[in-house]
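> run21.tsv is reproduced in full below (TSV, C-alpha atoms).
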chain	number	residue	atom	x	y	z
N	1	MET	CA	53.36	152.99	36.47
N	2	GLU	CA	53.75	149.49	35.11
N	3	ASP	CA	50.01	148.83	35.19
N	4	VAL	CA	49.37	151.94	33.14
N	5	SER	CA	51.88	150.98	30.42
N	6	LEU	CA	50.49	147.44	30.23
N	7	SER	CA	47.06	148.82	29.87
N	8	SER	CA	48.32	151.21	27.16
N	9	ALA	CA	50.08	148.40	25.31
N	10	ALA	CA	46.98	146.21	25.49
N	11	TRP	CA	44.85	149.05	24.26
N	12	GLU	CA	47.24	149.69	21.38
N	13	ALA	CA	47.14	146.00	20.46
N	14	ILE	CA	43.35	146.06	20.51
N	15	LYS	CA	43.28	149.16	18.30
N	16	VAL	CA	45.65	147.56	15.79
N	17	PHE	CA	43.61	144.37	15.82
N	18	LEU	CA	40.34	146.24	15.31
N	19	THR	CA	41.73	148.42	12.56
N	20	SER	CA	43.23	145.43	10.73
N	21	SER	CA	39.99	143.48	11.10
N	22	LEU	CA	38.00	146.37	9.67
N	23	VAL	CA	40.38	146.64	6.75
N	24	VAL	CA	40.14	142.90	6.05
N	25	LEU	CA	36.35	142.91	6.43
N	26	GLY	CA	36.12	145.94	4.17
N	27	TRP	CA	38.21	144.22	1.54
N	28	MET	CA	36.05	141.10	1.78
N	29	VAL	CA	32.85	143.13	1.44
N	30	VAL	CA	34.16	144.95	-1.62
N	31	SER	CA	35.18	141.60	-3.08
N	32	ASP	CA	31.71	140.17	-2.37
N	33	GLN	CA	30.02	143.16	-3.97
N	34	GLN	CA	32.14	142.75	-7.06
N	35	GLU	CA	31.33	139.05	-7.26
N	36	ALA	CA	27.63	139.82	-6.87
N	37	ARG	CA	27.83	142.36	-9.70
N	38	GLU	CA	29.55	139.84	-11.97
N	39	LEU	CA	26.96	137.20	-11.12
N	40	ALA	CA	24.08	139.60	-11.78
N	41	LYS	CA	25.62	140.54	-15.12
N	42	SER	CA	26.05	136.89	-16.06
N	43	ARG	CA	22.42	136.08	-15.11
N	44	TYR	CA	21.13	139.12	-16.99
N	45	THR	CA	23.01	138.06	-20.11
N	46	ARG	CA	21.76	134.50	-19.75
N	47	LEU	CA	18.16	135.62	-19.37
N	48	TYR	CA	18.35	137.71	-22.52
N	49	ALA	CA	19.93	134.78	-24.37
N	50	ILE	CA	16.97	132.63	-23.29
N	51	ARG	CA	14.61	135.30	-24.66
N	52	ASP	CA	16.42	135.04	-28.00
N	53	GLU	CA	16.15	131.25	-27.95
N	54	LEU	CA	12.44	131.53	-27.24
N	55	ARG	CA	11.97	133.82	-30.24
N	56	LYS	CA	13.82	131.32	-32.41
N	57	ILE	CA	11.58	128.51	-31.16
N	58	GLU	CA	8.50	130.60	-31.86
N	59	ASN	CA	9.63	131.48	-35.39
N	60	SER	CA	10.58	127.90	-36.13
N	61	ALA	CA	7.31	126.55	-34.72
N	62	VAL	CA	5.17	129.01	-36.68
N	63	GLU	CA	7.09	128.25	-39.85
N	64	TYR	CA	6.75	124.51	-39.26
N	65	HIS	CA	3.01	124.59	-38.60
N	66	THR	CA	2.19	126.95	-41.50
N	67	THR	CA	4.24	125.36	-44.26
N	68	ASN	CA	4.78	121.61	-44.47
N	69	PHE	CA	5.52	118.54	-42.39
N	70	ASP	CA	9.22	118.29	-41.66
N	71	LEU	CA	10.23	115.53	-39.25
N	72	ALA	CA	13.69	116.96	-38.65
N	73	LYS	CA	12.22	120.35	-37.77
N	74	ALA	CA	9.64	118.77	-35.47
N	75	ARG	CA	12.39	116.87	-33.64
N	76	SER	CA	14.54	119.96	-33.43
N	77	LEU	CA	11.66	121.88	-31.88
N	78	THR	CA	11.10	119.15	-29.30
N	79	LYS	CA	14.79	119.16	-28.33
N	80	SER	CA	14.87	122.98	-28.15
N	81	ILE	CA	11.91	123.03	-25.79
N	82	LYS	CA	13.66	120.53	-23.53
N	83	THR	CA	16.80	122.66	-23.54
N	84	ILE	CA	14.88	125.80	-22.60
N	85	SER	CA	13.08	123.90	-19.86
N	86	ASP	CA	16.38	122.62	-18.43
N	87	GLU	CA	17.93	126.09	-18.54
N	88	LEU	CA	15.01	127.72	-16.78
N	89	ALA	CA	14.99	124.98	-14.15
N	90	TYR	CA	18.72	125.46	-13.58
N	91	LEU	CA	18.31	129.21	-13.26
N	92	ARG	CA	15.59	128.72	-10.69
N	93	GLU	CA	17.76	126.27	-8.76
N	94	CYS	CA	20.66	128.70	-8.55
N	95	GLY	CA	18.47	131.67	-7.68
N	96	GLY	CA	18.59	133.43	-11.04
N	97	ILE	CA	14.82	133.45	-11.19
N	98	ALA	CA	12.40	133.23	-8.33
N	99	PHE	CA	9.35	131.93	-10.16
N	100	SER	CA	8.41	128.49	-11.42
N	101	THR	CA	8.14	128.14	-15.17
N	102	SER	CA	6.68	124.62	-15.15
N	103	GLN	CA	3.19	125.64	-16.26
N	104	ASP	CA	4.50	127.94	-18.97
N	105	VAL	CA	6.90	125.34	-20.36
N	106	PHE	CA	4.05	122.81	-20.30
N	107	ASP	CA	1.90	125.26	-22.28
N	108	LEU	CA	4.74	125.91	-24.72
N	109	ARG	CA	5.45	122.24	-25.36
N	110	ARG	CA	1.77	121.41	-25.69
N	111	SER	CA	1.02	124.29	-28.04
N	112	ILE	CA	3.84	123.27	-30.38
N	113	THR	CA	3.92	119.46	-30.20
N	114	LEU	CA	0.51	118.13	-29.21
N	115	ASN	CA	-0.79	118.26	-32.77
N	116	ASN	CA	0.64	118.26	-36.26
N	117	CYS	CA	3.99	116.75	-35.29
N	118	ASP	CA	3.36	113.03	-35.68
N	119	SER	CA	3.29	112.18	-39.37
N	120	GLU	CA	2.89	113.66	-42.80
N	121	SER	CA	-0.51	112.05	-43.17
N	122	SER	CA	-1.91	113.77	-40.09
N	123	TYR	CA	-0.25	117.14	-40.76
N	124	VAL	CA	-2.41	120.10	-41.72
N	125	ALA	CA	-0.81	123.43	-42.65
N	126	GLN	CA	-2.24	126.12	-40.39
N	127	ASP	CA	-3.21	129.71	-41.14
N	128	LEU	CA	-1.28	132.40	-39.32
N	129	ASP	CA	-4.39	133.37	-37.38
N	130	SER	CA	-5.33	129.79	-36.46
N	131	LYS	CA	-5.95	128.75	-32.84
N	132	MET	CA	-2.74	126.70	-32.83
N	133	ILE	CA	-0.52	129.58	-33.91
N	134	VAL	CA	-2.19	131.97	-31.50
N	135	GLU	CA	-1.60	129.49	-28.65
N	136	ILE	CA	2.07	129.15	-29.56
N	137	GLU	CA	2.52	132.90	-29.59
N	138	ALA	CA	0.67	133.27	-26.30
N	139	ALA	CA	2.78	130.58	-24.62
N	140	VAL	CA	6.01	132.20	-25.78
N	141	ALA	CA	4.80	135.66	-24.74
N	142	SER	CA	3.95	134.42	-21.25
N	143	ILE	CA	7.42	132.98	-20.59
N	144	ASP	CA	9.06	135.98	-22.22
N	145	ARG	CA	7.22	138.42	-19.93
N	146	GLN	CA	8.39	136.58	-16.84
N	147	ILE	CA	11.95	136.36	-18.03
N	148	LEU	CA	11.96	140.07	-18.84
N	149	LYS	CA	10.71	140.85	-15.32
N	150	ALA	CA	13.40	138.62	-13.86
N	151	ALA	CA	16.09	140.29	-15.97
N	152	GLN	CA	14.95	143.73	-14.86
N	153	SER	CA	14.95	142.61	-11.25
N	154	VAL	CA	18.48	141.22	-11.57
N	155	ALA	CA	19.66	144.46	-13.14
N	156	THR	CA	18.07	146.81	-10.64
N	157	THR	CA	18.34	145.02	-7.30
N	158	PRO	CA	21.64	145.95	-5.69
N	159	ARG	CA	23.37	143.83	-3.12
N	160	THR	CA	23.10	145.65	0.18
N	161	LEU	CA	25.97	146.18	2.56
N	162	ARG	CA	24.24	144.01	5.14
N	163	GLU	CA	23.92	141.16	2.63
N	164	SER	CA	27.60	141.46	1.72
N	165	ILE	CA	28.74	141.43	5.35
N	166	SER	CA	26.47	138.51	6.13
N	167	ALA	CA	27.65	136.53	3.09
N	168	THR	CA	31.28	137.32	3.86
N	169	LEU	CA	31.00	136.21	7.48
N	170	LYS	CA	29.13	133.04	6.50
N	171	ARG	CA	31.77	132.11	3.97
N	172	ARG	CA	34.80	132.82	6.12
N	173	ILE	CA	33.68	131.65	9.53
A	174	MET	CA	11.33	100.53	-13.47
A	175	ILE	CA	11.35	101.81	-17.06
A	176	ASN	CA	14.00	104.18	-18.33
A	177	ILE	CA	12.43	105.53	-21.50
A	178	GLY	CA	15.66	106.85	-23.00
A	179	LYS	CA	17.52	103.57	-22.44
A	180	ASP	CA	14.78	100.93	-22.62
A	181	TYR	CA	12.61	102.36	-25.37
A	182	SER	CA	13.94	105.22	-27.45
A	183	ARG	CA	16.28	108.18	-27.18
A	184	PHE	CA	13.71	110.15	-29.12
A	185	PRO	CA	10.18	108.98	-28.37
A	186	ALA	CA	7.82	110.69	-30.76
A	187	GLY	CA	4.51	110.24	-32.46
A	188	ARG	CA	1.18	109.12	-31.18
A	189	TYR	CA	0.06	106.02	-33.06
A	190	LEU	CA	1.69	102.93	-34.51
A	191	ASP	CA	1.72	104.52	-37.97
A	192	ASP	CA	3.79	107.43	-36.68
A	193	GLY	CA	7.04	105.55	-36.41
A	194	ASN	CA	8.82	103.07	-34.20
A	195	SER	CA	8.95	105.15	-31.04
A	196	ASN	CA	5.32	106.16	-30.72
A	197	GLY	CA	3.22	106.61	-27.59
A	198	GLN	CA	0.72	103.86	-28.31
A	199	LYS	CA	3.47	101.25	-28.61
A	200	PHE	CA	5.16	102.48	-25.45
A	201	ARG	CA	1.90	102.30	-23.53
A	202	ASP	CA	0.89	98.87	-24.78
A	203	GLU	CA	4.29	97.16	-24.74
A	204	PHE	CA	5.93	98.80	-21.74
A	205	LEU	CA	3.60	100.65	-19.39
A	206	ILE	CA	0.65	98.29	-19.28
A	207	PRO	CA	2.67	95.07	-18.84
A	208	ALA	CA	4.63	96.75	-16.04
A	209	LEU	CA	1.45	97.94	-14.32
A	210	VAL	CA	-0.12	94.50	-14.68
A	211	ALA	CA	2.92	92.97	-13.02
A	212	GLY	CA	1.94	94.90	-9.91
A	213	ASP	CA	3.94	97.12	-7.50
A	214	LYS	CA	4.70	100.75	-8.03
A	215	LEU	CA	6.05	101.61	-11.48
A	216	ARG	CA	8.89	104.11	-11.73
A	217	VAL	CA	9.31	105.74	-15.13
A	218	LEU	CA	12.53	107.63	-15.79
A	219	PHE	CA	12.48	110.34	-18.43
A	220	ASP	CA	15.77	112.19	-18.41
A	221	ASP	CA	17.81	109.97	-20.72
A	222	ALA	CA	15.71	110.81	-23.80
A	223	LEU	CA	16.46	113.86	-25.93
A	224	GLY	CA	12.99	115.33	-25.62
A	225	TYR	CA	9.32	114.46	-25.69
A	226	GLY	CA	6.47	115.55	-27.88
A	227	SER	CA	3.20	116.21	-26.13
A	228	SER	CA	1.38	113.84	-28.45
A	229	PHE	CA	3.63	111.00	-27.27
A	230	LEU	CA	3.02	111.88	-23.61
A	231	GLU	CA	-0.72	112.21	-24.08
A	232	GLU	CA	-1.10	108.94	-25.92
A	233	ALA	CA	1.18	106.98	-23.62
A	234	PHE	CA	-0.12	108.26	-20.29
A	235	GLY	CA	-3.53	109.76	-21.01
A	236	GLY	CA	-4.09	106.59	-22.98
A	237	LEU	CA	-3.65	104.52	-19.82
A	238	VAL	CA	-6.93	105.94	-18.56
A	239	ARG	CA	-8.62	105.10	-21.85
A	240	ALA	CA	-7.17	101.59	-21.51
A	241	GLY	CA	-8.90	101.14	-18.16
A	242	TYR	CA	-6.54	102.52	-15.49
A	243	ASN	CA	-8.16	105.20	-13.40
A	244	LYS	CA	-6.46	108.33	-12.20
A	245	LYS	CA	-6.54	107.32	-8.52
A	246	ARG	CA	-4.66	104.13	-9.23
A	247	LEU	CA	-2.15	105.89	-11.45
A	248	ASP	CA	-1.56	108.56	-8.80
A	249	LEU	CA	-0.56	105.75	-6.44
A	250	ASP	CA	1.17	103.30	-8.74
A	251	LEU	CA	2.90	105.52	-11.27
A	252	GLU	CA	5.98	107.43	-10.21
A	253	LEU	CA	7.34	109.92	-12.73
A	254	VAL	CA	11.06	110.47	-12.29
A	255	THR	CA	12.40	113.51	-14.07
A	256	SER	CA	14.13	116.77	-13.31
A	257	ASP	CA	11.64	118.46	-15.63
A	258	GLU	CA	8.72	119.51	-13.41
A	259	SER	CA	6.80	120.82	-16.41
A	260	MET	CA	6.65	117.32	-17.83
A	261	LYS	CA	5.33	115.82	-14.59
A	262	LEU	CA	2.68	118.52	-14.58
A	263	GLU	CA	1.83	117.82	-18.20
A	264	ILE	CA	1.51	114.07	-17.79
A	265	ARG	CA	-0.65	114.39	-14.66
A	266	GLN	CA	-2.84	116.85	-16.57
A	267	TYR	CA	-3.32	114.42	-19.47
A	268	ILE	CA	-4.29	111.69	-17.02
A	269	SER	CA	-6.79	114.04	-15.34
A	270	ASP	CA	-8.19	115.21	-18.67
A	271	ALA	CA	-8.60	111.64	-19.91
A	272	GLN	CA	-10.35	110.68	-16.67
A	273	ARG	CA	-12.68	113.65	-16.97
A	274	GLU	CA	-13.48	112.87	-20.61
A	275	LEU	CA	-14.20	109.27	-19.70
A	276	GLY	CA	-16.45	110.42	-16.92
A	277	SER	CA	-18.43	112.78	-19.13
A	278	ALA	CA	-18.70	110.17	-21.89
A	279	LYS	CA	-20.59	107.78	-19.62
Take the structure in the file and write it out as structure tokens.

Amino acid sequence: MEDVSLSSAAWEAIKVFLTSSLVVLGWMVVSDQQEARELAKSRYTRLYAIRDELRKIENSAVEYHTTNFDLAKARSLTKSIKTISDELAYLRECGGIAFSTSQDVFDLRRSITLNNCDSESSYVAQDLDSKMIVEIEAAVASIDRQILKAAQSVATTPRTLRESISATLKRRI
Amino acid sequence: MINIGKDYSRFPAGRYLDDGNSNGQKFRDEFLIPALVAGDKLRVLFDDALGYGSSFLEEAFGGLVRAGYNKKRLDLDLELVTSDESMKLEIRQYISDAQRELGSAK
């Protein structure tokens, strides 16, 4: 008789333990899924903000190269390109984007600052359909396409249950 | 070692001497070449400057090839230290392009 009740008590304890563990795990998974959703939202917003910044750079660069030499504007463009480059590199580092943007940023910087940015004497106002302007627009379009793809991927790729359980166990154990 | 942002200018810009005090030609002639002549590997740090124009990069580094340094030697002796991979790519491209132009000019 005693053996049976011990066995019953042990079994009850195991059931309670298992149930509690499932509840805790479930709570952790829900919490992880929520965090992942917030992170995806934040990355999506950031990617669209970068698209806006790119458009501003493009507009500013086209205006600069088609109107007149403006040292302050040229410097501002150079700094803006560096900022975009840093942001894209950071996003890549933290997994927000999976692709390298090095070549595209190189093309962007070169298209805008290789010529016409050094001095008033060497500046030549460009036509809107000039090679320089077309290259600027192409460089911006190339980065923009990739960022748009990344934003769509972030928005439409859900975090699976397996990923949540795996991440939860890795974090807690 | 040369830290461009601290040793030369926070905003290096322009290609030639006429383009201002922080131009690429001056940086090449007064900083890069003397450091390369001194021997050993040269480390160039980029991240303390506020940004770089491509004309500055091309004149400073592509110009090294035009000044007599070949690409092979620069690949060995010139270390580019920056978190911006696009800039490393760009500089190496200017060095390659300058080498190719020199080769086709002969």
> Listing only residues of stretch 189-266 of chain A within 8 Å of stretch 107-125 of chain N, what is the closest atom pair and its distance in Å (to one decimal) for each, using all atoms listed in the file, sorted by chain and residue number ascending, as CSV?

residue,atom,partner,partner_atom,distance
A:Asp191,CA,N:Ser119,CA,7.9
A:Asp192,CA,N:Ser119,CA,5.5
A:Gly226,CA,N:Thr113,CA,5.2
A:Ser227,CA,N:Leu114,CA,4.5
A:Ser228,CA,N:Leu114,CA,4.4
A:Glu231,CA,N:Leu114,CA,7.9
> Just the residues within 6 Å of stretch 238-254 of chain A, please, counting all atoms listed in the file, with nothing from its chain fewer than 4 positions along; format it as a short mmCIF file (atom, residue, chain, number, x, y, z; two decimals) with C-alpha atoms, in the coordinates of the input.

data_model
loop_
_atom_site.label_atom_id
_atom_site.label_comp_id
_atom_site.auth_asym_id
_atom_site.auth_seq_id
_atom_site.Cartn_x
_atom_site.Cartn_y
_atom_site.Cartn_z
CA LYS A 214 4.70 100.75 -8.03
CA LEU A 215 6.05 101.61 -11.48
CA ARG A 216 8.89 104.11 -11.73
CA VAL A 217 9.31 105.74 -15.13
CA LEU A 218 12.53 107.63 -15.79
#
> Please work out which residues fall within 12 Å of (32.1, 132.4, 3.6), coordinates as given in the file, with all atoms listed in the file counting, and return them as a PyMOL selection string.
chain N and resi 25+28-29+31-32+164-173
> Report the distance between atom CA of A:Leu262 and atom CA of A:Leu237 in Å, rounded to one decimal place.
16.2 Å
> By how many Å are atom CA of N:Ala98 and atom CA of N:Ala61 apart?
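Separating atom CA of N:Ala98 from atom CA of N:Ala61 is a distance of 27.7 Å.
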> Chain A near chain N within 7 Å: what's each residue's closest atom pair and its distance in Å to one decimal, counting only C-alpha atoms, ordered by chain then ascending residue number, as a Markdown table?

| residue | atom | partner | partner_atom | distance |
| --- | --- | --- | --- | --- |
| A:Gly187 | CA | N:Asp118 | CA | 4.4 |
| A:Arg188 | CA | N:Asp118 | CA | 6.3 |
| A:Asp192 | CA | N:Ser119 | CA | 5.5 |
| A:Leu223 | CA | N:Lys79 | CA | 6.1 |
| A:Gly224 | CA | N:Lys79 | CA | 5.0 |
| A:Tyr225 | CA | N:Thr78 | CA | 6.2 |
| A:Gly226 | CA | N:Thr113 | CA | 5.2 |
| A:Ser227 | CA | N:Leu114 | CA | 4.5 |
| A:Ser228 | CA | N:Leu114 | CA | 4.4 |
| A:Asp257 | CA | N:Asp86 | CA | 6.9 |
| A:Glu258 | CA | N:Ser102 | CA | 5.8 |
| A:Ser259 | CA | N:Ser102 | CA | 4.0 |
| A:Met260 | CA | N:Phe106 | CA | 6.6 |
| A:Glu263 | CA | N:Phe106 | CA | 5.9 |
> Could those residues be written to a file, using C-alpha atoms, as a CSV table (one decimal), in the coordinates of the input?

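To be explicit, this is the file written out as part_15.csv:
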chain,number,residue,atom,x,y,z
A,187,GLY,CA,4.5,110.2,-32.5
A,188,ARG,CA,1.2,109.1,-31.2
A,192,ASP,CA,3.8,107.4,-36.7
A,223,LEU,CA,16.5,113.9,-25.9
A,224,GLY,CA,13.0,115.3,-25.6
A,225,TYR,CA,9.3,114.5,-25.7
A,226,GLY,CA,6.5,115.6,-27.9
A,227,SER,CA,3.2,116.2,-26.1
A,228,SER,CA,1.4,113.8,-28.4
A,257,ASP,CA,11.6,118.5,-15.6
A,258,GLU,CA,8.7,119.5,-13.4
A,259,SER,CA,6.8,120.8,-16.4
A,260,MET,CA,6.6,117.3,-17.8
A,263,GLU,CA,1.8,117.8,-18.2
> What's the 6 Å shell around A:Ala186, counting only C-alpha atoms, without same-chain residues fewer than 3 positions away, as a list of chain:residue names?
A:Ser195, A:Asn196, A:Gly226, A:Phe229
> Using only C-alpha atoms, which of N:Ala40, N:Val24, N:Ala141, N:Leu54 sits nearest N:Ile84?
N:Leu54
> Interatomic distance between atom CA of A:Ile177 and atom CA of A:Phe219?
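One can read the atom CA of A:Ile177 to atom CA of A:Phe219 distance as 5.7 Å.
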> Write out as a ChimeraX atom specification each polymer residue whose atoms come within 12 Å of N:Leu47, counting all atoms listed in the file; drop sequence neighbours fewer than 2 positions from it.
/N:40-45,49-54,84,87-88,90-92,96-97,143-155
> Select, from N:Ala13, N:Val62, N:Thr156, N:Asp70, the residue with the minimum atom-to-atom distance to N:Val134, counting only C-alpha atoms.
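Among N:Ala13, N:Val62, N:Thr156, N:Asp70, it is N:Val62 that comes nearest to N:Val134.
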> Which neighbours of N:Asp127 fall inside 10 Å, counting all atoms listed in the file, when residues of the same chain fewer than 5 positions from it are skipped, and could you give them as a list in words?
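Counting all atoms listed in the file, the residues come to Val62, His65, Thr66, Thr67, Met132, Ile133 and Val134 of chain N.
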> Keeping only C-alpha atoms, write the selected residues as a CSV table (one decimal), in the frame of the given file.

chain,number,residue,atom,x,y,z
N,62,VAL,CA,5.2,129.0,-36.7
N,65,HIS,CA,3.0,124.6,-38.6
N,66,THR,CA,2.2,127.0,-41.5
N,67,THR,CA,4.2,125.4,-44.3
N,132,MET,CA,-2.7,126.7,-32.8
N,133,ILE,CA,-0.5,129.6,-33.9
N,134,VAL,CA,-2.2,132.0,-31.5
> Counting all atoms listed in the file, which of A:Ser256, A:Ser182, A:Ile206, A:Leu190 gets nearest to A:Asp220?
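Closest to A:Asp220, using all atoms listed in the file: A:Ser256.
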> Could you name the residues that touch A:Leu205 at 9 Å or less, counting only C-alpha atoms, but leaving out those on the same chain fewer than 3 positions away, as a list of chain:residue names?
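So the residues in contact are A:Ile175, A:Phe200, A:Arg201, A:Asp202, A:Ala208, A:Leu209, A:Val210, A:Leu215, A:Val217, A:Ala233, A:Phe234, A:Leu237.
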